[in-house]
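Asker: Data file input-v6.txt (compact mmCIF, C-alpha atoms) is appended below.
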# COMPACT_ATOMS: atom_id res chain seq x y z
CA MET Y 18 0.00 0.00 0.00
CA ALA Y 19 1.12 3.52 -0.72
CA LYS Y 20 1.97 5.79 2.18
CA ALA Y 21 -0.82 8.21 3.05
CA VAL Y 22 -0.33 11.81 2.02
CA TYR Y 23 -1.80 14.74 3.91
CA SER Y 24 -4.03 16.93 1.76
CA ASP Y 25 -6.20 20.01 2.12
CA ARG Y 26 -8.76 18.37 -0.18
CA ASN Y 27 -11.30 15.80 0.91
CA ILE Y 28 -10.54 12.66 -1.08
CA GLY Y 29 -12.52 10.32 1.16
CA HIS Y 30 -11.17 6.94 2.18
CA TYR Y 31 -10.83 4.31 -0.53
CA GLY Y 32 -10.46 1.31 1.79
CA LEU Y 33 -13.39 2.24 4.01
CA GLY Y 34 -15.54 3.45 1.13
CA PHE Y 35 -16.23 6.80 2.82
CA ASP Y 36 -16.84 9.91 0.71
CA TYR Y 37 -15.85 12.13 3.64
CA TYR Y 38 -13.00 11.22 5.92
CA SER Y 39 -10.48 12.83 8.23
CA HIS Y 40 -7.94 11.03 10.35
CA PHE Y 41 -6.64 12.27 13.65
CA THR Y 42 -5.46 10.75 16.88
CA SER Y 43 -6.05 11.64 20.46
CA PRO Y 44 -3.85 12.16 22.34
CA ILE Y 45 -2.28 14.32 19.68
CA ARG Y 46 0.87 12.73 18.25
CA ARG Y 47 1.38 14.59 14.98
CA TYR Y 48 1.04 18.19 13.86
CA PRO Y 49 -1.81 17.33 11.42
CA ASP Y 50 -3.71 15.90 14.42
CA LEU Y 51 -3.35 19.24 16.17
CA ILE Y 52 -4.61 21.08 13.07
CA VAL Y 53 -7.70 18.85 12.82
CA HIS Y 54 -8.45 19.33 16.52
CA ARG Y 55 -8.14 23.11 16.17
CA MET Y 56 -10.34 23.15 13.07
CA LEU Y 57 -13.02 21.10 14.83
CA LYS Y 58 -12.86 23.50 17.79
CA GLN Y 59 -13.34 26.46 15.40
CA TYR Y 60 -16.26 24.67 13.72
CA ALA Y 61 -17.88 23.94 17.08
CA ALA Y 62 -17.50 27.65 17.97
CA GLY Y 63 -19.33 28.60 14.75
CA ILE Y 64 -16.26 30.08 13.03
CA HIS Y 65 -16.42 29.64 9.26
CA PHE Y 66 -13.30 28.07 7.74
CA ARG Y 67 -12.67 31.18 5.60
CA ASN Y 68 -12.43 33.29 8.75
CA GLY Y 69 -10.47 30.81 10.86
CA MET Y 70 -6.74 30.54 11.28
CA TYR Y 71 -6.58 27.53 8.91
CA SER Y 72 -7.93 29.03 5.73
CA VAL Y 73 -7.86 27.60 2.23
CA SER Y 74 -4.65 29.50 1.51
CA VAL Y 75 -2.74 28.00 4.48
CA LEU Y 76 -3.89 24.36 4.48
CA PRO Y 77 -2.13 23.22 1.27
CA TYR Y 78 1.24 24.32 2.68
CA ILE Y 79 0.58 22.66 6.05
CA ALA Y 80 -0.48 19.42 4.34
CA LYS Y 81 2.55 19.32 2.04
CA GLN Y 82 5.01 20.19 4.80
CA SER Y 83 3.46 17.60 7.13
CA SER Y 84 3.80 14.87 4.48
CA VAL Y 85 7.45 15.78 3.85
CA MET Y 86 8.30 15.87 7.56
CA GLU Y 87 6.53 12.58 8.27
CA ARG Y 88 8.60 10.84 5.58
CA SER Y 89 11.75 12.43 6.98
CA ALA Y 90 10.89 11.24 10.49
CA MET Y 91 10.17 7.74 9.18
CA GLU Y 92 13.57 7.59 7.45
CA ALA Y 93 15.31 8.85 10.60
CA GLU Y 94 13.58 6.14 12.64
CA ARG Y 95 14.62 3.42 10.18
CA THR Y 96 18.19 4.66 10.19
CA ALA Y 97 18.29 4.74 14.00
CA VAL Y 98 17.00 1.16 14.18
CA LYS Y 99 19.65 0.00 11.70
CA VAL Y 100 22.41 1.75 13.64
CA MET Y 101 21.30 0.09 16.89
CA GLN Y 102 21.12 -3.31 15.17
CA VAL Y 103 24.69 -2.90 13.92
CA GLU Y 104 25.86 -1.86 17.39
CA TYR Y 105 24.19 -4.93 18.89
CA MET Y 106 25.50 -7.33 16.24
CA LYS Y 107 29.11 -6.10 16.59
CA ARG Y 108 29.20 -8.01 19.88
CA HIS Y 109 28.15 -11.22 18.11
CA ILE Y 110 30.63 -11.46 15.25
CA GLY Y 111 31.36 -15.12 14.65
CA ASP Y 112 28.20 -16.34 16.39
CA GLU Y 113 25.77 -18.54 14.50
CA PHE Y 114 22.11 -17.65 14.01
CA HIS Y 115 19.06 -19.13 12.34
CA ALA Y 116 18.17 -17.06 9.28
CA VAL Y 117 15.77 -16.94 6.37
CA ILE Y 118 16.92 -16.05 2.88
CA SER Y 119 14.89 -13.01 1.85
CA GLY Y 120 16.52 -12.41 -1.53
CA VAL Y 121 19.21 -13.60 -3.91
CA THR Y 122 21.10 -11.44 -6.41
CA ASN Y 123 24.19 -11.79 -8.56
CA PHE Y 124 26.26 -10.16 -5.79
CA GLY Y 125 24.96 -12.05 -2.74
CA ILE Y 126 22.26 -13.36 -0.47
CA PHE Y 127 19.97 -11.20 1.67
CA VAL Y 128 19.15 -12.85 4.98
CA GLU Y 129 17.02 -12.06 8.02
CA LEU Y 130 17.93 -13.48 11.41
CA THR Y 131 14.73 -15.13 12.60
CA ASP Y 132 15.11 -14.46 16.33
CA LEU Y 133 16.39 -10.88 16.07
CA LEU Y 134 14.69 -9.60 12.88
CA VAL Y 135 18.05 -8.18 11.79
CA GLN Y 136 18.59 -8.10 8.03
CA GLY Y 137 21.84 -8.14 6.13
CA LEU Y 138 23.72 -9.09 3.01
CA LEU Y 139 26.04 -12.08 2.71
CA HIS Y 140 28.23 -10.94 -0.19
CA VAL Y 141 29.31 -13.46 -2.82
CA ARG Y 142 32.97 -12.57 -2.18
CA ASP Y 143 32.52 -13.80 1.41
CA LEU Y 144 31.37 -17.23 0.19
CA SER Y 145 34.96 -18.37 -0.14
CA ASP Y 146 34.31 -22.11 -0.34
CA ASP Y 147 33.43 -22.11 -4.04
CA TYR Y 148 32.59 -20.14 -7.17
CA TYR Y 149 28.91 -19.24 -7.49
CA THR Y 150 26.83 -18.37 -10.53
CA TYR Y 151 23.54 -16.51 -10.44
CA ASP Y 152 20.45 -17.84 -12.21
CA GLU Y 153 18.09 -14.87 -12.55
CA LYS Y 154 15.12 -16.95 -13.69
CA GLN Y 155 15.36 -19.33 -10.73
CA TYR Y 156 16.44 -16.73 -8.13
CA THR Y 157 19.33 -19.06 -7.36
CA LEU Y 158 23.03 -18.73 -6.61
CA LYS Y 159 24.72 -22.06 -7.45
CA ASP Y 160 28.18 -23.51 -6.88
CA ASP Y 161 28.40 -25.72 -9.94
CA GLU Y 162 32.21 -25.95 -9.98
CA GLN Y 163 32.84 -28.50 -7.22
CA GLY Y 164 29.79 -30.61 -7.90
CA ASN Y 165 28.49 -30.02 -4.38
CA ASN Y 166 25.25 -28.69 -5.83
CA THR Y 167 24.92 -26.17 -3.05
CA ALA Y 168 22.28 -23.66 -4.01
CA TRP Y 169 21.05 -20.53 -2.30
CA ARG Y 170 17.54 -19.87 -3.43
CA TYR Y 171 14.84 -17.36 -2.72
CA VAL Y 172 11.32 -18.65 -3.29
CA ARG Y 173 8.66 -16.00 -3.68
CA SER Y 174 5.62 -16.61 -1.53
I'd like the structure from this file rewritten - as structure tokens, please.

Answerer:
Amino acid sequence: MAKAVYSDRNIGHYGLGFDYYSHFTSPIRRYPDLIVHRMLKQYAAGIHFRNGMYSVSVLPYIAKQSSVMERSAMEAERTAVKVMQVEYMKRHIGDEFHAVISGVTNFGIFVELTDLLVQGLLHVRDLSDDYYTYDEKQYTLKDDEQGNNTAWRYVRS
């Protein structure tokens, strides 16, 4: 699903099938929540939206800026999580973990540690036991040189 975008226009809610829809949380966690609360307070006080502090000329800017800042905050959160995962895993170099292959490319194998939900790349150059070839159609990395028939494969579910 696409990430929601804040807008000054009522576009309804596709998933719920509503023609009119506004989302806000309470307690207030985001700036758009605060704006909706303030607009509802103005409406309850009988103040027309053209006369209120959140007029048609201001809302498009607030919506766009809120969407940009939410994406920025989301990226910062993802980066912080990755940094903390790396810090944690530095203490476990050489340890063995159960993992699931989440992808295979010509340059390596993407894995996710099942117990820790840490993701990473096992680069082909670090698979020093053999020479591997990538089969794009089969999503497979094979060591066909030694006859061991070892294959790293990602199966789409």

Asker: Just want the 9 Å neighbourhood of Y:Tyr37, counted on all atoms listed in the file, with same-chain residues fewer than 6 positions away dropped. Output as a CSV table (one decimal) with C-alpha atoms, keeping the file's coordinate frame.

Answerer:
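Written file, selection-v5.csv:
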chain,number,residue,atom,x,y,z
Y,27,ASN,CA,-11.3,15.8,0.9
Y,28,ILE,CA,-10.5,12.7,-1.1
Y,29,GLY,CA,-12.5,10.3,1.2
Y,30,HIS,CA,-11.2,6.9,2.2

Asker: May I have the residues within 10 Å of stretch 97-109 of chain Y as a PyMOL selection string, using all atoms listed in the file and disregarding those fewer than 5 positions away in the same chain?

Answerer: chain Y and resi 91-92+114+133-137

Asker: What does the structure give for the distance between atom CA of Y:Asp112 and atom CA of Y:Arg95, in Å to one decimal?

Answerer: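 Separation between atom CA of Y:Asp112 and atom CA of Y:Arg95: 24.8 Å.
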
Asker: Can you tell me which residues surround stretch 56-63 of chain Y at a distance of at most 12 Å, considering only C-alpha atoms, apart from same-chain residues fewer than 4 positions away, and format the answer as number ranges by chain?

Answerer: Y: 39, 41, 49-52, 67-73, 76

Asker: How many Å separate atom CA of Y:Glu153 from atom CA of Y:Leu130?

Answerer: 24.0 Å

Asker: Quick one, how far is atom CA of Y:Thr150 from atom CA of Y:Ile118?

Answerer: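 A separation of 16.8 Å between them.
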
Asker: With a distance cut-off of 6 Å and only C-alpha atoms, select the neighbouring residues of Y:Tyr149, excluding the residue or stretch itself and same-chain residues fewer than 3 positions from it, and output the selection as a list in words.

Answerer: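 The neighbour list is Leu158, Lys159 and Asp160 of chain Y.
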
Asker: Name the closest residue to Y:Glu87 among the candidates Y:Thr131, Y:Arg46, Y:Asp143, Y:Gly120; distances are taken between atoms, counting only C-alpha atoms.

Answerer: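 Counting only C-alpha atoms, the residue closest to Y:Glu87 is Y:Arg46.
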
Asker: Just want the 12 Å neighbourhood of Y:Val85, counted on all atoms listed in the file, with same-chain residues fewer than 3 positions away dropped. Output as an MDAnalysis selection string.

Answerer: chainID Y and resid 20:24 78:82 88:92
